[in-house]
Amino acid sequence: MKKRALLVVVIALFGGVSGREVSAITTITTEVSSPAKKITLFENTTLLGENGQTTGIIAPQTVTILDYGQRRVGHGEGYLVPIYLISTWLGKAWIMPDNALLGNQMPVETSLEIFGVESLYSDPGLTKPTGMQLAPQTVKVKAKWDNRYLIETMNGERWIAPRYPALFEVSEVQQEVQLKSTTKLFRSPDGLETGSALSPQKVMVNEVWRDWCRIDSWLGPVWFELQHTE
């Protein structure tokens, strides 16, 4: 993979693009990808020239990435965001999309455990909200595209982009597990403790995610880490 460094001087006009302020001078390290990758733009996206000036706008569509790198934006040290070189009717141009996904959605057959109230959308770009929300629960996933999931709901297939902790590839089981020592119980594997624990006993596990098991208890659904029982 070939790398090159590109020094970009950003003019003042560019500071307001996409609501993000770009630092005055930015070094972009770009890499030529092979084979070429695709990126799908879900909203109108500003086209940028080699020196950072705005050259046009591209409508939502799927385009081929010719080159890519990072650009530092924001105040002070700021933070790095990806930047992509694409081919357009105006020639080659750089884009820093706010709402885009690389590659394609991948079909899957698995479960997703969500722990917060999440909004449902009709499209993977999250531009068409349904006005409906989903309470914490385990849902069936039909496709995955980065951190966005196509799930089954009572109203048909909908897209979700969890804002709260969520567990992908949860396996549903019905398996008895012997707890060999006092085991702490958690609301979710992200570390939120319930303040309760189980004494050594046999429990019926309903779901498994990595080294974590979910059971139904007097507290409702709770999780424990399997390695702590060994």
# chains A, B, ... in the order shown; residues from 1 in each chain; ligands from 1
>>> residues_around(residues="Ile160 (chain A)", least_positions_apart="3", cutoff="9 Å", atoms="only C-alpha atoms", output="ChimeraX atom specification")
/A:118-124,126,147-151
>>> write_last_selection(atoms="all heavy atoms", output="CSV table (one decimal), in the first residue's frame")
chain,number,residue,atom,x,y,z
A,118,GLU,N,-34.2,3.3,22.0
A,118,GLU,CA,-33.6,3.7,20.7
A,118,GLU,C,-34.6,4.1,19.7
A,118,GLU,O,-35.7,3.5,19.6
A,118,GLU,CB,-32.7,2.5,20.2
A,118,GLU,CG,-31.6,2.0,21.1
A,118,GLU,CD,-30.5,3.0,21.3
A,118,GLU,OE1,-30.5,4.0,20.6
A,118,GLU,OE2,-29.6,2.7,22.1
A,119,SER,N,-34.3,5.0,18.8
A,119,SER,CA,-35.2,5.4,17.7
A,119,SER,C,-35.0,4.5,16.5
A,119,SER,O,-34.0,3.9,16.2
A,119,SER,CB,-34.8,6.8,17.3
A,119,SER,OG,-35.0,7.8,18.3
A,120,LEU,N,-36.2,4.3,15.8
A,120,LEU,CA,-36.2,3.4,14.6
A,120,LEU,C,-36.3,4.3,13.3
A,120,LEU,O,-36.9,5.3,13.3
A,120,LEU,CB,-37.4,2.5,14.7
A,120,LEU,CG,-37.5,1.5,15.9
A,120,LEU,CD1,-38.8,0.8,15.9
A,120,LEU,CD2,-36.3,0.6,15.8
A,121,TYR,N,-35.6,3.8,12.3
A,121,TYR,CA,-35.5,4.5,11.0
A,121,TYR,C,-35.9,3.6,9.9
A,121,TYR,O,-35.8,2.4,10.0
A,121,TYR,CB,-34.1,5.1,10.8
A,121,TYR,CG,-33.7,6.1,11.8
A,121,TYR,CD1,-33.1,5.6,13.0
A,121,TYR,CD2,-33.9,7.4,11.6
A,121,TYR,CE1,-32.7,6.5,14.0
A,121,TYR,CE2,-33.5,8.3,12.6
A,121,TYR,CZ,-32.9,7.9,13.8
A,121,TYR,OH,-32.5,8.8,14.8
A,122,SER,N,-36.3,4.2,8.8
A,122,SER,CA,-36.7,3.4,7.6
A,122,SER,C,-35.5,3.2,6.6
A,122,SER,O,-35.7,2.4,5.7
A,122,SER,CB,-37.9,4.1,6.8
A,122,SER,OG,-39.0,4.2,7.6
A,123,ASP,N,-34.4,3.8,6.9
A,123,ASP,CA,-33.3,3.7,6.0
A,123,ASP,C,-32.0,3.6,6.8
A,123,ASP,O,-31.9,4.1,7.9
A,123,ASP,CB,-33.2,4.9,5.0
A,123,ASP,CG,-32.9,6.2,5.7
A,123,ASP,OD1,-33.6,6.4,6.8
A,123,ASP,OD2,-32.1,6.9,5.3
A,124,PRO,N,-30.9,3.1,6.2
A,124,PRO,CA,-29.6,3.0,6.9
A,124,PRO,C,-28.9,4.3,7.1
A,124,PRO,O,-28.0,4.4,7.9
A,124,PRO,CB,-28.8,2.0,6.0
A,124,PRO,CG,-29.4,2.2,4.6
A,124,PRO,CD,-30.9,2.4,4.9
A,126,LEU,N,-30.4,6.8,8.2
A,126,LEU,CA,-31.1,7.5,9.4
A,126,LEU,C,-31.7,8.8,9.0
A,126,LEU,O,-31.8,9.7,9.9
A,126,LEU,CB,-30.1,7.6,10.6
A,126,LEU,CG,-29.3,6.4,10.9
A,126,LEU,CD1,-28.4,6.7,12.1
A,126,LEU,CD2,-30.2,5.2,11.2
A,147,ASN,N,-22.1,0.5,12.3
A,147,ASN,CA,-22.7,0.4,13.6
A,147,ASN,C,-24.2,0.6,13.5
A,147,ASN,O,-24.9,1.0,14.4
A,147,ASN,CB,-22.2,1.5,14.6
A,147,ASN,CG,-22.4,2.9,14.0
A,147,ASN,OD1,-22.7,3.1,12.9
A,147,ASN,ND2,-22.3,3.9,14.9
A,148,ARG,N,-24.8,0.3,12.3
A,148,ARG,CA,-26.2,0.4,12.1
A,148,ARG,C,-26.8,-1.0,11.8
A,148,ARG,O,-26.1,-1.8,11.0
A,148,ARG,CB,-26.5,1.4,11.0
A,148,ARG,CG,-25.9,2.8,11.3
A,148,ARG,CD,-26.1,3.8,10.2
A,148,ARG,NE,-25.3,5.0,10.5
A,148,ARG,CZ,-25.3,6.1,9.7
A,148,ARG,NH1,-26.0,6.1,8.6
A,148,ARG,NH2,-24.6,7.1,10.1
A,149,TYR,N,-27.9,-1.3,12.3
A,149,TYR,CA,-28.5,-2.6,12.2
A,149,TYR,C,-29.9,-2.6,11.6
A,149,TYR,O,-30.7,-1.8,12.0
A,149,TYR,CB,-28.5,-3.3,13.5
A,149,TYR,CG,-27.2,-3.3,14.2
A,149,TYR,CD1,-26.8,-2.3,15.1
A,149,TYR,CD2,-26.3,-4.4,14.1
A,149,TYR,CE1,-25.6,-2.3,15.7
A,149,TYR,CE2,-25.0,-4.4,14.7
A,149,TYR,CZ,-24.7,-3.3,15.5
A,149,TYR,OH,-23.5,-3.3,16.2
A,150,LEU,N,-30.2,-3.5,10.7
A,150,LEU,CA,-31.5,-3.8,10.2
A,150,LEU,C,-32.2,-4.8,11.1
A,150,LEU,O,-31.7,-6.0,11.1
A,150,LEU,CB,-31.5,-4.2,8.8
A,150,LEU,CG,-32.9,-4.4,8.1
A,150,LEU,CD1,-33.7,-3.1,8.0
A,150,LEU,CD2,-32.7,-5.0,6.7
A,151,ILE,N,-33.2,-4.5,11.8
A,151,ILE,CA,-33.8,-5.4,12.8
A,151,ILE,C,-35.3,-5.7,12.5
A,151,ILE,O,-35.9,-5.0,11.7
A,151,ILE,CB,-33.7,-4.9,14.2
A,151,ILE,CG1,-34.5,-3.6,14.3
A,151,ILE,CG2,-32.2,-4.6,14.6
A,151,ILE,CD1,-34.6,-3.1,15.8
>>> closest_atom_pairs(of="region 190-226 of chain A", to="region 161-175 of chain A", cutoff="8 Å", atoms="only C-alpha atoms", output="CSV")
residue,atom,partner,partner_atom,distance
A:Asp190,CA,A:Pro165,CA,7.4
A:Met204,CA,A:Gln175,CA,5.7
A:Val205,CA,A:Gln175,CA,5.2
A:Asn206,CA,A:Val173,CA,5.0
A:Glu207,CA,A:Glu172,CA,4.5
A:Val208,CA,A:Ser171,CA,5.2
A:Trp209,CA,A:Val170,CA,5.0
>>> write_last_selection(atoms="all heavy atoms", output="compact mmCIF listing (two decimals), in the first residue's frame")
# COMPACT_ATOMS: atom_id res chain seq x y z
N ASP A 190 -21.25 -3.92 30.35
CA ASP A 190 -20.40 -2.73 30.33
C ASP A 190 -19.95 -2.33 31.73
O ASP A 190 -19.23 -1.35 31.89
CB ASP A 190 -21.11 -1.56 29.66
CG ASP A 190 -22.34 -1.11 30.44
OD1 ASP A 190 -22.69 -1.76 31.43
OD2 ASP A 190 -22.94 -0.09 30.04
N MET A 204 -30.31 -21.04 35.16
CA MET A 204 -30.64 -21.27 33.76
C MET A 204 -30.25 -20.04 32.94
O MET A 204 -30.77 -18.95 33.15
CB MET A 204 -32.12 -21.56 33.59
CG MET A 204 -32.53 -21.86 32.16
SD MET A 204 -31.69 -23.32 31.46
CE MET A 204 -32.39 -24.63 32.49
N VAL A 205 -29.33 -20.21 32.01
CA VAL A 205 -28.83 -19.12 31.17
C VAL A 205 -29.69 -19.01 29.92
O VAL A 205 -29.98 -20.02 29.26
CB VAL A 205 -27.36 -19.35 30.79
CG1 VAL A 205 -26.89 -18.31 29.78
CG2 VAL A 205 -26.48 -19.32 32.03
N ASN A 206 -30.12 -17.78 29.60
CA ASN A 206 -30.97 -17.55 28.43
C ASN A 206 -30.21 -17.01 27.23
O ASN A 206 -30.60 -17.23 26.08
CB ASN A 206 -32.09 -16.57 28.78
CG ASN A 206 -32.98 -17.09 29.89
OD1 ASN A 206 -33.30 -18.27 29.91
ND2 ASN A 206 -33.35 -16.23 30.82
N GLU A 207 -29.15 -16.24 27.49
CA GLU A 207 -28.36 -15.65 26.41
C GLU A 207 -26.88 -15.66 26.79
O GLU A 207 -26.53 -15.60 27.98
CB GLU A 207 -28.79 -14.21 26.13
CG GLU A 207 -30.19 -14.09 25.55
CD GLU A 207 -30.59 -12.65 25.31
OE1 GLU A 207 -29.92 -11.73 25.83
OE2 GLU A 207 -31.58 -12.44 24.59
N VAL A 208 -26.05 -15.71 25.76
CA VAL A 208 -24.60 -15.69 25.96
C VAL A 208 -24.00 -14.67 25.02
O VAL A 208 -24.36 -14.61 23.83
CB VAL A 208 -23.98 -17.08 25.70
CG1 VAL A 208 -22.46 -17.00 25.77
CG2 VAL A 208 -24.51 -18.09 26.71
N TRP A 209 -23.07 -13.87 25.55
CA TRP A 209 -22.31 -12.92 24.73
C TRP A 209 -20.86 -12.95 25.22
O TRP A 209 -20.56 -12.58 26.34
CB TRP A 209 -22.87 -11.50 24.86
CG TRP A 209 -22.13 -10.48 24.04
CD1 TRP A 209 -22.20 -10.29 22.70
CD2 TRP A 209 -21.20 -9.50 24.53
NE1 TRP A 209 -21.38 -9.27 22.31
CE2 TRP A 209 -20.75 -8.76 23.41
CE3 TRP A 209 -20.71 -9.19 25.80
CZ2 TRP A 209 -19.82 -7.72 23.53
CZ3 TRP A 209 -19.79 -8.16 25.92
CH2 TRP A 209 -19.36 -7.43 24.79
>>> residues_around(residues="Ser199 (chain A)", least_positions_apart="6", cutoff="9 Å", atoms="only C-alpha atoms", output="PyMOL selection string")
chain A and resi 179-183
>>> write_last_selection(atoms="all heavy atoms", output="CSV table (one decimal), in the first residue's frame")
chain,number,residue,atom,x,y,z
A,179,LEU,N,-22.8,-22.2,39.3
A,179,LEU,CA,-22.0,-21.1,39.9
A,179,LEU,C,-21.2,-21.7,41.0
A,179,LEU,O,-21.8,-22.3,42.0
A,179,LEU,CB,-22.9,-20.0,40.4
A,179,LEU,CG,-23.8,-19.3,39.3
A,179,LEU,CD1,-24.6,-18.2,40.0
A,179,LEU,CD2,-23.1,-18.8,38.1
A,180,LYS,N,-19.9,-21.6,40.9
A,180,LYS,CA,-19.1,-22.3,41.9
A,180,LYS,C,-18.7,-21.4,43.1
A,180,LYS,O,-18.1,-21.8,44.1
A,180,LYS,CB,-17.8,-22.8,41.3
A,180,LYS,CG,-18.1,-23.9,40.2
A,180,LYS,CD,-16.8,-24.4,39.6
A,180,LYS,CE,-17.2,-25.4,38.5
A,180,LYS,NZ,-15.9,-25.9,37.8
A,181,SER,N,-18.9,-20.1,42.9
A,181,SER,CA,-18.6,-19.1,44.0
A,181,SER,C,-19.6,-18.0,43.9
A,181,SER,O,-20.4,-17.9,43.0
A,181,SER,CB,-17.2,-18.6,43.8
A,181,SER,OG,-17.0,-17.9,42.6
A,182,THR,N,-19.6,-17.1,44.9
A,182,THR,CA,-20.5,-15.9,44.9
A,182,THR,C,-20.2,-15.1,43.6
A,182,THR,O,-19.0,-14.8,43.3
A,182,THR,CB,-20.2,-15.1,46.2
A,182,THR,OG1,-20.5,-15.8,47.3
A,182,THR,CG2,-21.1,-13.8,46.1
A,183,THR,N,-21.2,-14.8,42.9
A,183,THR,CA,-21.1,-14.2,41.6
A,183,THR,C,-21.9,-12.9,41.5
A,183,THR,O,-23.1,-12.8,41.8
A,183,THR,CB,-21.6,-15.1,40.5
A,183,THR,OG1,-21.0,-16.4,40.6
A,183,THR,CG2,-21.5,-14.5,39.1
>>> select_by_dssp(residues="region 47-214 of chain A", states="strand (DSSP E)", output="NGL selection string")
:A and (47-48 or 54-58 or 61-73 or 79-88 or 91-95 or 100-102 or 106-114 or 118-121 or 129-134 or 137-145 or 148-153 or 156-160 or 166-178 or 183-188 or 192-198 or 202-209 or 212-214)
>>> residues_around(residues="Gln70 (chain A)", least_positions_apart="4", cutoff="6 Å", atoms="only C-alpha atoms", output="list in words")
Ile28, Leu80, Val81, Pro82 and Ile83 of chain A
>>> atom_distance(atom1="CA of Asn104 (chain A)", atom2="CA of Thr153 (chain A)")
22.2 Å
>>> atom_distance(atom1="CA of Thr40 (chain A)", atom2="CA of Pro60 (chain A)")
7.4 Å
>>> atom_distance(atom1="CA of Ile95 (chain A)", atom2="CA of Gly74 (chain A)")
16.7 Å
